$ cat protein_24.cif   # mmCIF, C-alpha atoms and all ligand atoms
data_my_file
loop_
_atom_site.label_atom_id
_atom_site.label_comp_id
_atom_site.auth_asym_id
_atom_site.auth_seq_id
_atom_site.Cartn_x
_atom_site.Cartn_y
_atom_site.Cartn_z
CA MET A 204 158.57 89.33 96.59
CA LYS A 205 156.66 92.43 97.57
CA PRO A 206 153.03 92.09 96.51
CA ASP A 207 151.77 94.36 93.74
CA PHE A 208 149.44 96.98 95.02
CA ASN A 209 147.04 99.45 93.51
CA LEU A 210 146.31 102.69 95.34
CA THR A 211 143.35 103.81 93.22
CA LEU A 212 140.77 103.46 95.98
CA TYR A 213 142.24 102.93 99.41
CA LEU A 214 139.88 102.02 102.26
CA VAL A 215 140.95 102.76 105.84
CA THR A 216 138.64 101.00 108.26
CA ASP A 217 136.94 102.32 111.39
CA SER A 218 135.02 99.77 113.47
CA GLY A 219 133.19 102.61 115.20
CA MET A 220 131.26 103.15 111.96
CA VAL A 221 130.07 99.55 111.61
CA PRO A 222 126.27 99.29 112.05
CA ALA A 223 124.90 96.77 114.55
CA ASP A 224 123.63 94.39 111.86
CA LYS A 225 126.98 94.02 110.07
CA THR A 226 130.58 93.06 110.75
CA LEU A 227 133.66 94.97 109.66
CA ALA A 228 134.57 92.05 107.40
CA GLN A 229 131.18 92.29 105.66
CA ILE A 230 131.66 95.98 104.99
CA VAL A 231 135.16 95.37 103.64
CA ASP A 232 133.78 92.60 101.42
CA GLU A 233 131.09 94.91 100.01
CA ALA A 234 133.59 97.74 99.56
CA ILE A 235 135.97 95.52 97.60
CA GLN A 236 133.11 94.35 95.41
CA GLY A 237 132.47 98.03 94.72
CA GLY A 238 136.07 98.67 93.66
CA VAL A 239 138.30 99.20 96.70
CA THR A 240 141.84 98.23 95.68
CA ILE A 241 143.69 98.17 99.02
CA VAL A 242 142.57 97.97 102.67
CA GLN A 243 144.14 99.26 105.87
CA LEU A 244 142.88 97.96 109.21
CA ARG A 245 142.98 100.93 111.59
CA GLU A 246 142.02 100.14 115.19
CA LYS A 247 142.83 102.63 117.88
CA THR A 248 141.20 101.00 120.89
CA ALA A 249 141.13 97.21 120.43
CA ASP A 250 143.40 95.17 122.67
CA THR A 251 145.99 93.03 120.94
CA GLY A 252 144.01 89.78 120.91
CA ALA A 253 140.90 91.43 119.51
CA PHE A 254 142.99 93.34 116.96
CA ILE A 255 144.54 90.12 115.70
CA ALA A 256 141.17 88.35 115.51
CA LEU A 257 139.73 91.25 113.54
CA ALA A 258 142.78 91.32 111.27
CA ARG A 259 142.36 87.62 110.52
CA SER A 260 138.68 88.08 109.73
CA LEU A 261 139.54 90.83 107.23
CA GLN A 262 142.40 88.84 105.77
CA LYS A 263 140.01 86.04 104.80
CA VAL A 264 138.08 88.57 102.74
CA THR A 265 141.00 90.47 101.22
CA LYS A 266 142.81 87.24 100.25
CA ASN A 267 139.68 86.03 98.55
CA TYR A 268 139.81 89.04 96.21
CA GLY A 269 143.60 89.34 95.99
CA VAL A 270 143.49 92.78 97.60
CA PRO A 271 146.39 93.71 99.92
CA LEU A 272 145.69 94.17 103.64
CA LEU A 273 147.84 96.61 105.59
CA ILE A 274 147.81 97.12 109.36
CA ASN A 275 147.87 100.59 110.86
CA ASP A 276 150.66 101.21 113.40
CA ARG A 277 150.97 97.68 114.77
CA ILE A 278 153.94 95.87 113.24
CA ASP A 279 153.42 93.02 115.72
CA VAL A 280 149.86 92.45 114.48
CA ALA A 281 151.04 92.58 110.86
CA LEU A 282 153.68 89.96 111.61
CA ALA A 283 151.28 87.79 113.60
CA ILE A 284 148.89 87.40 110.67
CA ASP A 285 151.48 87.75 107.89
CA ALA A 286 149.68 90.80 106.52
CA ASP A 287 150.87 92.41 103.30
CA GLY A 288 152.31 95.37 105.17
CA VAL A 289 151.79 98.26 107.51
CA HIS A 290 150.90 101.90 107.44
CA ILE A 291 152.73 104.07 109.93
CA GLY A 292 152.58 107.69 111.01
CA GLN A 293 155.17 110.17 112.15
CA ASP A 294 154.74 109.19 115.82
CA ASP A 295 154.97 105.43 115.30
CA MET A 296 158.03 103.22 115.05
CA SER A 297 160.41 104.70 112.48
CA LEU A 298 160.27 103.46 108.93
CA VAL A 299 163.84 102.18 109.15
CA GLU A 300 162.99 100.10 112.22
CA ALA A 301 159.76 98.86 110.68
CA ARG A 302 161.62 97.83 107.54
CA ARG A 303 164.27 96.05 109.60
CA ILE A 304 161.57 94.01 111.29
CA LEU A 305 159.35 93.36 108.29
CA GLY A 306 162.02 92.90 105.62
CA PRO A 307 161.96 93.94 101.97
CA ASN A 308 158.86 92.01 100.94
CA LYS A 309 156.25 93.88 102.93
CA ILE A 310 154.54 97.10 101.91
CA ILE A 311 155.26 100.03 104.20
CA GLY A 312 153.27 103.23 103.75
CA MET A 313 153.75 106.41 105.71
CA SER A 314 151.59 109.42 106.56
CA VAL A 315 153.23 112.73 105.71
CA GLN A 316 152.06 116.31 106.10
CA THR A 317 155.06 118.26 104.86
CA ALA A 318 157.57 118.20 102.04
CA ALA A 319 160.35 117.40 104.52
CA GLU A 320 158.42 114.45 105.94
CA ALA A 321 157.75 113.17 102.43
CA GLU A 322 161.43 113.41 101.50
CA ALA A 323 162.50 111.63 104.68
CA ALA A 324 159.95 108.85 104.16
CA MET A 325 161.16 108.34 100.59
CA CYS A 326 164.80 108.25 101.65
CA ASP A 327 163.88 105.66 104.28
CA GLY A 328 162.23 103.47 101.65
CA ALA A 329 158.49 104.10 101.99
CA ASP A 330 156.54 102.20 99.34
CA TYR A 331 153.91 104.95 99.20
CA LEU A 332 152.97 108.16 100.95
CA GLY A 333 149.62 109.11 102.48
CA ILE A 334 149.60 112.89 102.06
CA GLY A 335 147.21 114.84 104.25
CA VAL A 336 145.22 116.08 105.81
CA CYS A 337 143.41 117.16 102.66
CA PHE A 338 140.11 118.41 104.09
CA ASP A 339 138.80 118.71 107.60
CA THR A 340 137.53 115.40 108.91
CA GLU A 341 135.37 114.20 111.77
CA THR A 342 136.98 110.76 111.68
CA LYS A 343 140.26 111.74 113.29
CA GLN A 344 141.21 114.56 115.62
CA ILE A 345 143.67 116.69 113.76
CA SER A 346 145.52 119.87 114.62
CA THR A 347 145.02 122.93 112.45
CA ASP A 348 148.67 122.56 111.43
CA ALA A 349 147.88 119.17 109.96
CA LEU A 350 145.15 120.53 107.70
CA ARG A 351 146.90 121.10 104.38
CA GLY A 352 144.04 121.62 101.94
CA PRO A 353 144.45 120.53 98.32
CA ALA A 354 147.07 123.27 97.78
CA GLY A 355 149.19 121.96 100.65
CA VAL A 356 148.83 118.41 99.38
CA ARG A 357 149.97 119.49 95.93
CA GLN A 358 153.00 121.24 97.38
CA VAL A 359 154.07 118.08 99.22
CA TRP A 360 153.39 115.93 96.15
CA GLU A 361 155.40 118.18 93.83
CA HIS A 362 158.33 118.13 96.19
CA ALA A 363 158.16 114.35 96.49
CA LEU A 364 158.20 113.98 92.69
CA GLU A 365 161.33 116.08 92.56
CA VAL A 366 163.04 113.81 95.07
CA GLY A 367 162.42 110.73 92.96
CA PRO A 368 159.92 108.08 91.87
CA VAL A 369 157.10 107.93 94.37
CA ARG A 370 153.55 106.71 94.78
CA ALA A 371 150.95 108.50 96.89
CA VAL A 372 147.34 108.98 97.89
CA THR A 373 145.74 111.81 99.78
CA ILE A 374 143.51 111.40 102.82
CA GLY A 375 141.15 113.47 104.91
CA GLY A 376 137.57 114.39 104.09
CA VAL A 377 137.70 112.94 100.59
CA ASN A 378 134.34 111.81 99.24
CA GLU A 379 132.43 111.20 96.03
CA TYR A 380 131.75 114.93 95.60
CA ASN A 381 135.31 116.19 95.88
CA ALA A 382 137.48 113.28 94.68
CA VAL A 383 137.75 114.50 91.07
CA HIS A 384 138.51 118.04 92.20
CA VAL A 385 141.18 116.81 94.61
CA LEU A 386 142.90 114.69 91.98
CA ASP A 387 142.72 117.46 89.38
CA TYR A 388 143.87 120.15 91.76
CA THR A 389 146.75 118.20 93.24
CA ARG A 390 148.11 117.21 89.84
CA SER A 391 151.71 118.37 89.83
CA ALA A 392 152.98 121.12 87.55
CA LYS A 393 154.35 118.31 85.38
CA GLY A 394 150.85 116.85 85.17
CA VAL A 395 151.46 113.82 87.36
CA PRO A 396 148.36 112.96 89.41
CA LEU A 397 148.29 111.22 92.75
CA GLU A 398 147.61 107.52 92.30
CA GLY A 399 144.31 107.59 94.15
CA VAL A 400 142.43 108.60 97.26
CA ALA A 401 142.18 107.11 100.75
CA VAL A 402 138.84 107.32 102.53
CA VAL A 403 137.27 106.24 105.78
CA SER A 404 133.75 107.60 106.26
CA ALA A 405 132.90 107.98 102.57
CA ILE A 406 132.71 104.18 102.44
CA MET A 407 132.58 103.01 106.06
CA ALA A 408 129.64 105.25 107.00
CA ALA A 409 127.78 104.82 103.71
CA GLU A 410 124.44 103.04 103.83
CA ASP A 411 125.62 100.93 100.90
CA PRO A 412 129.43 100.58 101.00
CA CYS A 413 129.50 98.71 97.69
CA ALA A 414 127.62 101.46 95.88
CA ALA A 415 129.71 104.16 97.57
CA ALA A 416 132.92 102.43 96.51
CA LYS A 417 131.63 102.07 92.94
CA VAL A 418 130.91 105.77 92.66
CA LEU A 419 134.27 106.73 94.15
CA ARG A 420 136.13 104.32 91.92
CA SER A 421 134.47 105.73 88.84
CA GLN A 422 135.25 109.27 90.00
CA VAL A 423 138.93 108.41 90.42
CA SER A 424 139.02 106.70 87.00
CA PHE A 425 137.35 109.75 85.44
CA ALA A 426 139.99 112.06 86.93
CA MET A 427 142.80 109.73 85.80
CA GLU A 428 141.55 109.53 82.24
CA ARG A 429 142.03 113.25 81.99
CA SER A 430 145.71 112.97 82.90
N1 LIG B 1 144.52 110.18 108.64
C1 LIG B 1 144.49 111.46 108.27
S1 LIG B 1 142.91 112.04 108.11
C2 LIG B 1 142.27 110.53 108.54
C3 LIG B 1 143.30 109.64 108.80
C4 LIG B 1 143.14 108.25 109.21
C5 LIG B 1 140.82 110.25 108.63
C6 LIG B 1 140.13 110.41 107.32
O1 LIG B 1 138.79 110.03 107.45
P1 LIG B 1 137.67 110.50 106.46
O2 LIG B 1 136.40 109.95 107.07
O3 LIG B 1 137.95 109.90 105.12
O4 LIG B 1 137.67 112.00 106.44
MG MG B 2 149.83 105.85 113.47
#

$ encode --input "protein_24.cif" --output "structure tokens"
Amino acid sequence: MKPDFNLTLYLVTDSGMVPADKTLAQIVDEAIQGGVTIVQLREKTADTGAFIALARSLQKVTKNYGVPLLINDRIDVALAIDADGVHIGQDDMSLVEARRILGPNKIIGMSVQTAAEAEAAMCDGADYLGIGVCFDTETKQISTDALRGPAGVRQVWEHALEVGPVRAVTIGGVNEYNAVHVLDYTRSAKGVPLEGVAVVSAIMAAEDPCAAAKVLRSQVSFAMERS
């Protein structure tokens, strides 16, 4: 069976932000204690062996808390460690191919920037959408086309809701100061909010990842209570 997952506070990792006195697994542990509900391991430079070792070290932590671990891009790494799923982008293996390899019981999320991409991902069986890029970000190089702003995110979200039942988060520059605004602003005309927010630096680069996650989690809950 596909594991249950909760998109309220979605942490995407970046090992480049790990301080010298900590490991990525420690930061993920602290972040989950603060309220992170799902984790994606995103490694753009590690070779395959190092990626797998890192994935296993995170899996020990996520399993301990019953939090799903997804792997960015690398279906082979996800299979190697029996992760809970993958997150793929428009330039990665197609969702249909990923699903064929991983089967029905793994979570597959997809990054989308447009209404058409959202619709295609839903038709291909995405379990959730990562809609972005919400705000400008220093974490990932993005083209100006990719920058949607909250209004663009809402447009994609509204279209997706018209296509059918769907779950989604937004990503890109989201932090403790704008999370409530983003969730309020992107609420569809029918009043349906996104399920949560995905962040990298707001937690990864925080001096205290546990405290940062706690604040973000309470901000998301606050926005949800108003729905
Ligand atoms: N995909 C779209 S924007 C982004 C990713 C992985 C980076 C978001 O990072 P941050 O630090 O939360 O702005
Ligand atoms: Mg990708």

$ atom_distance --input "protein_24.cif" --atom1 "CA of Val336 (chain A)" --atom2 "CA of Thr216 (chain A)"
16.6 Å

$ residues_around --input "protein_24.cif" --residues "Gly288 (chain A)" --least-positions-apart "4" --cutoff "8 Å" --atoms "all atoms listed in the file" --output "PyMOL selection string"
chain A and resi 272-274+281+305+309-311

$ closest_residue --input "protein_24.cif" --among "A:Asn381, A:Asn275, A:Thr373, A:Thr342" --to "ligand LIG 1 (chain B)" --atoms "only C-alpha atoms and all ligand atoms"
A:Thr342

$ atom_distance --input "protein_24.cif" --atom1 "CA of Ile278 (chain A)" --atom2 "CA of Val377 (chain A)"
26.7 Å

$ residues_near_ligand --input "protein_24.cif" --ligand "ligand LIG 1 (chain B)" --cutoff "6 Å" --atoms "all atoms listed in the file" --output "NGL selection string"
:A and (335-336 or 340 or 342-343 or 374-377 or 402-405)
